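Just start31.cif here, mmCIF, C-alpha atoms:
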```
data_data
loop_
_atom_site.group_PDB
_atom_site.id
_atom_site.type_symbol
_atom_site.label_atom_id
_atom_site.label_comp_id
_atom_site.auth_asym_id
_atom_site.auth_seq_id
_atom_site.Cartn_x
_atom_site.Cartn_y
_atom_site.Cartn_z
ATOM 1 C CA MET R 504 0.000 0.000 0.000
ATOM 2 C CA ARG R 505 1.284 3.443 -0.862
ATOM 3 C CA GLY R 506 1.949 6.064 1.753
ATOM 4 C CA ALA R 507 -0.760 5.760 4.337
ATOM 5 C CA VAL R 508 -1.315 8.962 6.299
ATOM 6 C CA ALA R 509 -2.990 9.025 9.652
ATOM 7 C CA ALA R 510 -3.435 12.702 10.233
ATOM 8 C CA GLY R 511 -4.091 14.441 13.490
ATOM 9 C CA ARG R 512 -4.809 11.390 15.560
ATOM 10 C CA GLN R 513 -2.951 12.812 18.494
ATOM 11 C CA ARG R 514 -3.186 16.528 18.485
ATOM 12 C CA HIS R 515 -1.864 18.261 21.528
ATOM 13 C CA LEU R 516 -0.247 21.390 22.821
ATOM 14 C CA ARG R 517 3.451 21.297 23.375
ATOM 15 C CA ARG R 518 5.487 23.737 25.392
ATOM 16 C CA ASP R 519 8.471 25.104 23.555
ATOM 17 C CA GLU R 520 10.795 25.973 26.410
ATOM 18 C CA SER R 521 13.251 27.853 24.245
ATOM 19 C CA GLU R 522 10.717 30.408 23.179
ATOM 20 C CA ASN R 523 8.517 30.185 26.252
ATOM 21 C CA THR R 524 5.488 29.676 24.052
ATOM 22 C CA ILE R 525 2.962 26.930 23.625
ATOM 23 C CA ARG R 526 2.858 25.538 20.098
ATOM 24 C CA ASP R 527 0.044 23.550 18.592
ATOM 25 C CA VAL R 528 1.780 20.377 17.435
ATOM 26 C CA ALA R 529 0.086 17.553 15.605
ATOM 27 C CA GLN R 530 1.385 14.040 15.081
ATOM 28 C CA PHE R 531 1.069 12.392 11.731
ATOM 29 C CA THR R 532 2.001 9.047 10.329
ATOM 30 C CA ILE R 533 3.076 9.378 6.730
ATOM 31 C CA SER R 534 4.264 6.398 4.782
ATOM 32 C CA GLY R 535 4.881 4.467 7.970
ATOM 33 C CA HIS R 536 6.913 7.221 9.618
ATOM 34 C CA ASP R 537 5.722 9.270 12.588
ATOM 35 C CA PHE R 538 6.157 13.023 12.470
ATOM 36 C CA GLU R 539 5.362 15.891 14.771
ATOM 37 C CA LEU R 540 4.544 18.903 12.702
ATOM 38 C CA ASP R 541 3.300 22.365 13.333
ATOM 39 C CA ARG R 542 2.799 25.350 11.134
ATOM 40 C CA ASP R 543 6.054 27.079 12.104
ATOM 41 C CA ARG R 544 8.081 23.957 11.466
ATOM 42 C CA VAL R 545 6.587 23.561 8.028
ATOM 43 C CA GLU R 546 7.183 27.201 7.181
ATOM 44 C CA ASP R 547 10.778 26.974 8.373
ATOM 45 C CA ALA R 548 11.357 23.835 6.325
ATOM 46 C CA VAL R 549 10.041 25.433 3.156
ATOM 47 C CA GLY R 550 12.191 28.461 3.902
ATOM 48 C CA ARG R 551 13.251 30.247 0.757
ATOM 49 C CA GLN R 552 12.672 27.347 -1.612
ATOM 50 C CA LEU R 553 11.060 28.414 -4.831
ATOM 51 C CA PRO R 554 7.697 26.822 -5.530
ATOM 52 C CA ASP R 555 7.674 24.026 -8.082
ATOM 53 C CA PRO R 556 5.134 24.372 -10.882
ATOM 54 C CA VAL R 557 1.584 23.926 -9.609
ATOM 55 C CA ARG R 558 -0.405 21.517 -11.722
ATOM 56 C CA GLU R 559 -3.711 21.211 -9.924
ATOM 57 C CA HIS R 560 -3.559 21.491 -6.138
ATOM 58 C CA TYR R 561 -1.631 24.010 -4.113
ATOM 59 C CA VAL R 562 -1.196 25.262 -0.552
ATOM 60 C CA VAL R 563 -0.200 28.764 0.441
ATOM 61 C CA VAL R 564 3.028 29.061 2.463
ATOM 62 C CA HIS R 565 4.706 32.410 3.084
ATOM 63 C CA GLY R 566 2.125 33.918 0.757
ATOM 64 C CA ARG R 567 3.194 31.744 -2.186
ATOM 65 C CA ARG R 568 1.566 28.758 -3.826
ATOM 66 C CA TYR R 569 3.354 25.437 -3.511
ATOM 67 C CA PRO R 570 2.462 21.923 -4.610
ATOM 68 C CA PRO R 571 1.410 20.126 -1.391
ATOM 69 C CA LYS R 572 3.860 17.285 -1.994
ATOM 70 C CA GLN R 573 6.777 19.694 -2.205
ATOM 71 C CA VAL R 574 5.889 21.167 1.185
ATOM 72 C CA ILE R 575 5.475 17.820 2.944
ATOM 73 C CA SER R 576 8.653 16.527 1.367
ATOM 74 C CA CYS R 577 10.539 19.583 2.694
ATOM 75 C CA ALA R 578 9.038 19.249 6.149
ATOM 76 C CA THR R 579 9.581 15.500 6.541
ATOM 77 C CA GLY R 580 12.450 14.630 4.236
ATOM 78 C CA LEU R 581 10.297 11.942 2.645
ATOM 79 C CA ASP R 582 10.512 11.192 -1.044
ATOM 80 C CA ARG R 583 7.550 12.618 -2.895
ATOM 81 C CA ALA R 584 6.810 9.197 -4.341
ATOM 82 C CA ASP R 585 6.058 7.934 -0.826
ATOM 83 C CA PHE R 586 2.761 9.778 -0.463
ATOM 84 C CA THR R 587 0.012 11.285 -2.543
ATOM 85 C CA THR R 588 -1.007 14.874 -3.155
ATOM 86 C CA HIS R 589 -4.282 14.213 -1.393
ATOM 87 C CA GLN R 590 -2.492 12.956 1.703
ATOM 88 C CA ALA R 591 -0.113 15.916 1.746
ATOM 89 C CA ARG R 592 -2.959 18.318 1.279
ATOM 90 C CA ARG R 593 -4.925 16.823 4.154
ATOM 91 C CA VAL R 594 -1.985 17.128 6.547
ATOM 92 C CA LEU R 595 -1.343 20.732 5.591
ATOM 93 C CA MET R 596 -4.970 21.718 5.878
ATOM 94 C CA ARG R 597 -5.024 20.268 9.386
ATOM 95 C CA LEU R 598 -2.091 22.520 10.197
ATOM 96 C CA GLY R 599 -4.084 25.498 9.029
ATOM 97 C CA PHE R 600 -2.616 26.130 5.599
ATOM 98 C CA GLN R 601 -4.936 27.353 2.913
ATOM 99 C CA ALA R 602 -5.303 24.749 0.204
ATOM 100 C CA ALA R 603 -7.040 25.120 -3.119
ATOM 101 C CA ARG R 604 -7.233 23.817 -6.624
ATOM 102 C CA VAL R 605 -6.147 25.740 -9.689
ATOM 103 C CA THR R 606 -9.088 26.933 -11.710
ATOM 104 C CA HIS R 607 -9.316 28.692 -15.014
ATOM 105 C CA GLU R 608 -10.576 31.745 -13.169
ATOM 106 C CA GLN R 609 -7.037 32.212 -11.949
ATOM 107 C CA ASN R 610 -6.227 33.878 -15.202
ATOM 108 C CA PRO R 611 -5.381 37.576 -15.172
ATOM 109 C CA PRO R 612 -7.933 40.049 -13.933
ATOM 110 C CA GLU R 613 -10.133 41.959 -16.298
ATOM 111 C CA ALA R 614 -8.711 44.888 -18.179
ATOM 112 C CA THR R 615 -9.091 47.960 -16.032
ATOM 113 C CA GLY R 616 -6.509 50.386 -17.302
ATOM 114 C CA GLU R 617 -4.425 51.645 -20.153
ATOM 115 C CA GLY R 618 -1.642 49.889 -21.953
ATOM 116 C CA PRO R 619 -1.436 47.099 -24.489
ATOM 117 C CA TYR R 620 -2.850 44.575 -22.031
ATOM 118 C CA GLY R 621 -5.350 46.877 -20.372
ATOM 119 C CA GLY R 622 -3.464 46.785 -17.082
ATOM 120 C CA ARG R 623 -3.547 42.971 -16.841
ATOM 121 C CA GLN R 624 0.208 42.650 -17.169
ATOM 122 C CA ALA R 625 0.867 45.300 -14.527
ATOM 123 C CA ALA R 626 -1.569 43.514 -12.206
ATOM 124 C CA ALA R 627 0.128 40.168 -12.812
ATOM 125 C CA LEU R 628 3.533 41.675 -12.011
ATOM 126 C CA ALA R 629 2.457 43.733 -9.007
ATOM 127 C CA PRO R 630 3.033 40.969 -6.410
ATOM 128 C CA PHE R 631 6.621 40.601 -7.595
ATOM 129 C CA VAL R 632 7.999 44.116 -7.329
ATOM 130 C CA GLY R 633 11.748 43.935 -6.762
ATOM 131 C CA LYS R 634 11.939 40.281 -7.807
ATOM 132 C CA TRP R 635 13.388 38.652 -10.874
ATOM 133 C CA VAL R 636 10.581 37.060 -12.837
ATOM 134 C CA ALA R 637 10.305 34.703 -15.795
ATOM 135 C CA LEU R 638 7.168 34.896 -17.865
ATOM 136 C CA ALA R 639 5.688 32.323 -20.214
ATOM 137 C CA SER R 640 3.344 34.949 -21.643
ATOM 138 C CA PRO R 641 2.677 38.631 -20.944
ATOM 139 C CA THR R 642 0.624 37.755 -17.857
ATOM 140 C CA ASP R 643 1.852 34.283 -16.886
ATOM 141 C CA VAL R 644 4.598 34.525 -14.258
ATOM 142 C CA LEU R 645 6.351 31.171 -14.065
ATOM 143 C CA VAL R 646 8.669 31.969 -11.198
ATOM 144 C CA ALA R 647 9.833 34.910 -9.102
ATOM 145 C CA ALA R 648 13.073 34.973 -7.120
ATOM 146 C CA ASP R 649 15.593 37.297 -5.539
ATOM 147 C CA THR R 650 18.344 36.596 -8.065
ATOM 148 C CA PRO R 651 18.503 35.862 -11.786
ATOM 149 C CA GLN R 652 20.554 32.745 -11.033
ATOM 150 C CA GLU R 653 17.678 31.329 -8.994
ATOM 151 C CA VAL R 654 15.303 31.967 -11.876
ATOM 152 C CA LEU R 655 17.607 30.251 -14.377
ATOM 153 C CA GLY R 656 18.079 27.315 -12.017
ATOM 154 C CA TRP R 657 14.348 26.906 -11.603
ATOM 155 C CA LEU R 658 13.732 26.981 -15.351
ATOM 156 C CA ALA R 659 16.417 24.351 -15.909
ATOM 157 C CA ARG R 660 15.196 22.082 -13.092
ATOM 158 C CA HIS R 661 11.639 22.120 -14.328
ATOM 159 C CA ASN R 662 12.434 22.167 -18.009
ATOM 160 C CA ARG R 663 10.365 25.314 -18.519
ATOM 161 C CA ARG R 664 10.880 28.151 -20.938
ATOM 162 C CA ALA R 665 10.261 31.820 -20.251
ATOM 163 C CA SER R 666 8.981 32.446 -23.752
ATOM 164 C CA TYR R 667 8.043 36.037 -23.036
ATOM 165 C CA GLY R 668 11.265 36.845 -21.212
ATOM 166 C CA MET R 669 12.808 37.517 -17.833
ATOM 167 C CA PHE R 670 13.707 40.704 -16.009
ATOM 168 C CA ARG R 671 13.530 42.305 -12.581
ATOM 169 C CA VAL R 672 10.286 44.074 -11.808
ATOM 170 C CA PRO R 673 11.317 47.642 -10.964
ATOM 171 C CA ALA R 674 10.611 48.711 -7.419
ATOM 172 C CA SER R 675 10.245 52.372 -8.251
ATOM 173 C CA LEU R 676 9.577 54.823 -11.016
ATOM 174 C CA TYR R 677 13.308 55.548 -11.166
ATOM 175 C CA GLU R 678 14.116 51.920 -11.803
ATOM 176 C CA ALA R 679 11.412 51.689 -14.444
ATOM 177 C CA GLU R 680 13.137 54.554 -16.213
ATOM 178 C CA GLY R 681 16.386 52.642 -16.261
ATOM 179 C CA LEU R 682 18.011 54.225 -13.238
ATOM 180 C CA ALA R 683 19.482 52.465 -10.244
ATOM 181 C CA PRO R 684 17.570 51.787 -7.034
ATOM 182 C CA GLN R 685 17.747 54.713 -4.616
ATOM 183 C CA MET D 980 8.265 42.399 -35.940
ATOM 184 C CA ARG D 981 6.037 44.223 -33.501
ATOM 185 C CA PHE D 982 6.468 44.276 -29.720
ATOM 186 C CA GLU D 983 3.963 45.684 -27.275
ATOM 187 C CA PHE D 984 5.350 47.874 -24.515
ATOM 188 C CA LEU D 985 5.833 46.244 -21.138
ATOM 189 C CA GLU D 986 3.273 47.209 -18.518
ATOM 190 C CA LEU D 987 4.807 47.731 -15.110
ATOM 191 C CA PRO D 988 2.891 48.222 -11.899
ATOM 192 C CA GLY D 989 2.779 51.905 -10.999
ATOM 193 C CA GLU D 990 1.282 53.847 -8.125
ATOM 194 C CA THR D 991 -1.677 55.198 -10.017
ATOM 195 C CA SER D 992 -1.502 53.535 -13.411
ATOM 196 C CA ALA D 993 0.664 51.133 -15.358
ATOM 197 C CA LEU D 994 4.096 52.353 -16.495
ATOM 198 C CA LEU D 995 4.739 51.494 -20.121
ATOM 199 C CA ARG D 996 8.271 50.714 -21.234
ATOM 200 C CA PRO D 997 9.714 49.890 -24.675
ATOM 201 C CA VAL D 998 11.400 46.532 -24.203
ATOM 202 C CA VAL D 999 12.522 43.755 -26.502
ATOM 203 C CA PRO D 1000 13.291 40.115 -25.644
ATOM 204 C CA VAL D 1001 16.925 39.313 -26.355
ATOM 205 C CA GLN D 1002 18.422 35.846 -26.342
ATOM 206 C CA VAL D 1003 22.020 36.068 -25.185
ATOM 207 C CA GLU D 1004 24.234 33.380 -26.730
ATOM 208 C CA ASP D 1005 22.360 30.071 -26.342
ATOM 209 C CA LEU D 1006 20.232 30.986 -23.359
ATOM 210 C CA GLU D 1007 17.064 30.013 -25.204
ATOM 211 C CA ASP D 1008 14.949 29.331 -22.140
ATOM 212 C CA ALA D 1009 15.287 32.799 -20.737
ATOM 213 C CA PRO D 1010 15.369 35.688 -23.182
ATOM 214 C CA GLN D 1011 16.141 38.944 -21.402
ATOM 215 C CA LEU D 1012 13.658 41.788 -21.595
ATOM 216 C CA CYS D 1013 15.919 44.701 -22.469
ATOM 217 C CA LEU D 1014 15.080 48.379 -22.428
ATOM 218 C CA ILE D 1015 15.734 50.265 -25.634
ATOM 219 C CA ASP D 1016 17.964 53.227 -24.834
ATOM 220 C CA THR D 1017 18.532 55.325 -27.924
ATOM 221 C CA GLY D 1018 21.003 57.461 -25.998
ATOM 222 C CA ALA D 1019 23.283 54.559 -25.073
ATOM 223 C CA THR D 1020 26.285 53.950 -27.284
ATOM 224 C CA THR D 1021 26.509 50.215 -26.643
ATOM 225 C CA ASN D 1022 24.508 47.378 -25.148
ATOM 226 C CA ARG D 1023 25.018 47.221 -21.408
ATOM 227 C CA PHE D 1024 24.184 44.003 -19.594
ATOM 228 C CA GLY D 1025 24.646 42.741 -16.068
ATOM 229 C CA MET D 1026 27.813 40.739 -15.505
ATOM 230 C CA TRP D 1027 25.782 37.765 -14.263
ATOM 231 C CA LEU D 1028 24.650 37.182 -17.845
ATOM 232 C CA ALA D 1029 28.221 36.611 -19.007
ATOM 233 C CA GLU D 1030 28.694 34.093 -16.214
ATOM 234 C CA ALA D 1031 25.345 32.399 -16.943
ATOM 235 C CA THR D 1032 26.141 32.001 -20.625
ATOM 236 C CA GLY D 1033 29.794 31.056 -20.274
ATOM 237 C CA ILE D 1034 31.236 34.105 -21.958
ATOM 238 C CA ASP D 1035 34.919 34.291 -21.139
ATOM 239 C CA LEU D 1036 35.770 37.793 -20.035
ATOM 240 C CA SER D 1037 39.400 37.124 -19.221
ATOM 241 C CA GLY D 1038 41.412 39.458 -21.348
ATOM 242 C CA ALA D 1039 38.397 41.609 -22.164
ATOM 243 C CA PRO D 1040 39.187 45.312 -21.991
ATOM 244 C CA GLU D 1041 37.994 46.849 -18.752
ATOM 245 C CA SER D 1042 36.992 50.339 -17.803
ATOM 246 C CA THR D 1043 35.040 52.179 -15.164
ATOM 247 C CA ILE D 1044 31.929 53.917 -16.418
ATOM 248 C CA ARG D 1045 28.954 55.668 -14.902
ATOM 249 C CA VAL D 1046 25.478 54.518 -15.841
ATOM 250 C CA GLY D 1047 22.388 56.131 -14.373
ATOM 251 C CA GLY D 1048 24.434 57.675 -11.605
ATOM 252 C CA VAL D 1049 26.163 54.407 -10.708
ATOM 253 C CA SER D 1050 29.871 53.773 -11.103
ATOM 254 C CA THR D 1051 30.424 50.296 -12.500
ATOM 255 C CA THR D 1052 33.209 48.141 -13.865
ATOM 256 C CA ALA D 1053 32.600 47.465 -17.548
ATOM 257 C CA ARG D 1054 34.102 44.570 -19.525
ATOM 258 C CA HIS D 1055 33.899 45.053 -23.265
ATOM 259 C CA THR D 1056 33.476 42.012 -25.505
ATOM 260 C CA ARG D 1057 31.257 40.548 -28.190
ATOM 261 C CA ALA D 1058 28.361 38.122 -27.868
ATOM 262 C CA ASP D 1059 25.806 36.410 -30.055
ATOM 263 C CA LEU D 1060 22.405 38.028 -29.606
ATOM 264 C CA THR D 1061 19.111 36.896 -31.085
ATOM 265 C CA VAL D 1062 16.487 39.586 -31.535
ATOM 266 C CA ALA D 1063 13.282 39.246 -33.548
ATOM 267 C CA GLY D 1064 14.528 35.941 -34.904
ATOM 268 C CA VAL D 1065 17.825 37.389 -36.121
ATOM 269 C CA ARG D 1066 21.062 36.114 -34.595
ATOM 270 C CA TYR D 1067 24.031 38.411 -34.877
ATOM 271 C CA ASP D 1068 27.393 39.110 -33.329
ATOM 272 C CA ALA D 1069 27.215 42.283 -31.284
ATOM 273 C CA PRO D 1070 29.464 44.374 -29.105
ATOM 274 C CA VAL D 1071 28.310 44.063 -25.516
ATOM 275 C CA THR D 1072 29.511 45.640 -22.300
ATOM 276 C CA PHE D 1073 29.006 43.498 -19.213
ATOM 277 C CA CYS D 1074 28.878 45.547 -16.032
ATOM 278 C CA ASP D 1075 29.321 44.846 -12.342
ATOM 279 C CA PRO D 1076 27.606 46.079 -10.310
ATOM 280 C CA TRP D 1077 24.457 46.281 -12.389
ATOM 281 C CA PRO D 1078 21.669 47.253 -9.991
ATOM 282 C CA PHE D 1079 19.242 48.188 -12.735
ATOM 283 C CA ALA D 1080 15.975 46.459 -13.505
ATOM 284 C CA PHE D 1081 16.783 46.186 -17.196
ATOM 285 C CA ASN D 1082 19.686 45.493 -19.477
ATOM 286 C CA LEU D 1083 20.071 48.260 -22.026
ATOM 287 C CA LEU D 1084 20.087 48.083 -25.820
ATOM 288 C CA GLY D 1085 22.083 50.879 -27.403
ATOM 289 C CA GLN D 1086 23.350 52.131 -30.711
ATOM 290 C CA GLU D 1087 26.332 49.959 -31.614
ATOM 291 C CA GLY D 1088 25.009 46.567 -30.512
ATOM 292 C CA PHE D 1089 21.356 47.013 -31.434
ATOM 293 C CA LEU D 1090 20.191 50.047 -33.393
ATOM 294 C CA ARG D 1091 23.006 49.500 -35.851
ATOM 295 C CA PHE D 1092 21.341 46.203 -36.777
ATOM 296 C CA PHE D 1093 17.636 47.094 -36.722
ATOM 297 C CA ARG D 1094 15.409 49.855 -38.006
ATOM 298 C CA LEU D 1095 13.255 50.909 -35.103
ATOM 299 C CA THR D 1096 9.771 52.407 -35.235
ATOM 300 C CA VAL D 1097 8.213 53.504 -31.976
ATOM 301 C CA CYS D 1098 4.561 54.394 -31.458
ATOM 302 C CA ALA D 1099 4.337 55.485 -27.842
ATOM 303 C CA ALA D 1100 0.787 56.687 -28.390
ATOM 304 C CA GLU D 1101 -0.293 53.104 -28.978
ATOM 305 C CA SER D 1102 2.413 51.475 -26.840
ATOM 306 C CA TRP D 1103 4.211 49.412 -29.431
ATOM 307 C CA LEU D 1104 7.461 49.291 -31.360
ATOM 308 C CA GLU D 1105 8.524 47.542 -34.515
ATOM 309 C CA LEU D 1106 11.892 46.174 -35.528
ATOM 310 C CA GLU D 1107 13.036 45.550 -39.049
ATOM 311 C CA PRO D 1108 16.493 44.058 -39.627
ATOM 312 C CA GLU D 1109 18.821 46.355 -41.527
ATOM 313 C CA ARG D 1110 19.957 44.889 -44.810
#
```

Please, can you express the file's structure as structure tokens?
Amino acid sequence: MRGAVAAGRQRHLRRDESENTIRDVAQFTISGHDFELDRDRVEDAVGRQLPDPVREHYVVVHGRRYPPKQVISCATGLDRADFTTHQARRVLMRLGFQAARVTHEQNPPEATGEGPYGGRQAAALAPFVGKWVALASPTDVLVAADTPQEVLGWLARHNRRASYGMFRVPASLYEAEGLAPQ
Amino acid sequence: MRFEFLELPGETSALLRPVVPVQVEDLEDAPQLCLIDTGATTNRFGMWLAEATGIDLSGAPESTIRVGGVSTTARHTRADLTVAGVRYDAPVTFCDPWPFAFNLLGQEGFLRFFRLTVCAAESWLELEPER
């Protein structure tokens, strides 16, 4: 049988002496291994990893969308083949992460402004100000990262092509005009 | 070939910039959106691009220049660029630091090779290779 998950069977509060706080820790059995997980631990494990491409399901960690299996793999060290997306998603939802499924309505917002794309491209780029981005189309941001090397690495790892191009989204009017950051 | 201006997020409305995707050497998966700068004499790119594409800068002439108020070390060389489906050998200056959002396309490495039409009123530009 593949990757059984018994989620949240023993949920309890655990005192974290180092921080003098009480953390809500849940125990899970994933693929025959027992884990104690909480939201902070998962967020720490994901750290600055760039999200892999989202195919259908995603969870939101640090305000970014990740495939559930990537997050559980980071948090537990398990191979992604050892559990299913559904199992990963269930664990993460129990820890309070928002989970959802990609829908076609995710496409860019309606045109509301000027410009060749009616403001859709500006809206698609707005969450990534100051980041390097790679775009598959004028409004489809494949990946956003702090450095161009991270973007190139991500494209290579996932065999994706930034057909529209890559650049750093300017953080100010000065940068948009080709000047340096102030 | 026509290119729509890039829409950037602005405080009150989108900022529209004339940019062109440029493939540097064989970096096919990640063309760079470069800002057209008719006042620039040469193409000026971030040094990281030379490293990413394996361009050997050892022995390349070096100078210190100021771009946009920033003093930067410039290494002058040549690189294969592909713009609008045309691959050509162009003079390029790789700069470090390069804190700018865009790489710049200038006269010698870009405008010398393409006839440029800009329609800012409709937010597009067109490139036609020079014969």

| said: Going by the chain IDs and residue numbers used in this file, which residues fall under the PyMOL selection byres ((chain D and resi 1014) around 9)? Write them as a PyMOL selection string. | reply: (chain R and resi 680-681) or (chain D and resi 996-999+1012-1013+1015-1016+1081-1085)

| message | On this structure, the PyMOL selection byres ((chain R) within 9 of (chain D)) would catch which residues? List them as a ChimeraX atom specification, sorted by chain and number. | response | /R:616-629,632-633,635,637-638,641,651-652,654-655,658-659,662-676,678-684

Result set, the PyMOL selection byres ((chain R and resi 601) around 6) on current file, as a PDB file with C-alpha atoms, in the coordinates of the input:
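Now in part.pdb:
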```
ATOM      1  CA  VAL R 562      -1.196  25.262  -0.552  1.00  0.00           C
ATOM      2  CA  VAL R 563      -0.200  28.764   0.441  1.00  0.00           C
ATOM      3  CA  PHE R 600      -2.616  26.130   5.599  1.00  0.00           C
ATOM      4  CA  ALA R 602      -5.303  24.749   0.204  1.00  0.00           C
TER       5      ALA R 602
END
```

| query | What is the CA of Val644 in chain R-CA of Leu1090 in chain D distance in Å, reported with one decimal? | reply | 29.2 Å

| task | Write out as a list in words the residues lying within 12 Å of Arg567 in chain R, counting all atoms listed in the file and excluding same-chain residues fewer than 2 positions away. | result | Glu546, Val549, Gly550, Arg551, Gln552, Leu553, Pro554, Asp555, Pro556, Val557, Tyr561, Val562, Val563, Val564, His565, Tyr569, Pro570, Pro571, Val574, Phe600, Gln601, Ala602, Pro630, Phe631, Val646, Ala647 and Ala648 of chain R

Output C-alpha atoms for every residue in the selection just made, as a compact mmCIF listing (two decimals), in the frame of the given file.
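File selection-v5.txt, as written:
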```txt
# COMPACT_ATOMS: atom_id res chain seq x y z
CA GLU R 546 7.18 27.20 7.18
CA VAL R 549 10.04 25.43 3.16
CA GLY R 550 12.19 28.46 3.90
CA ARG R 551 13.25 30.25 0.76
CA GLN R 552 12.67 27.35 -1.61
CA LEU R 553 11.06 28.41 -4.83
CA PRO R 554 7.70 26.82 -5.53
CA ASP R 555 7.67 24.03 -8.08
CA PRO R 556 5.13 24.37 -10.88
CA VAL R 557 1.58 23.93 -9.61
CA TYR R 561 -1.63 24.01 -4.11
CA VAL R 562 -1.20 25.26 -0.55
CA VAL R 563 -0.20 28.76 0.44
CA VAL R 564 3.03 29.06 2.46
CA HIS R 565 4.71 32.41 3.08
CA TYR R 569 3.35 25.44 -3.51
CA PRO R 570 2.46 21.92 -4.61
CA PRO R 571 1.41 20.13 -1.39
CA VAL R 574 5.89 21.17 1.18
CA PHE R 600 -2.62 26.13 5.60
CA GLN R 601 -4.94 27.35 2.91
CA ALA R 602 -5.30 24.75 0.20
CA PRO R 630 3.03 40.97 -6.41
CA PHE R 631 6.62 40.60 -7.60
CA VAL R 646 8.67 31.97 -11.20
CA ALA R 647 9.83 34.91 -9.10
CA ALA R 648 13.07 34.97 -7.12
```
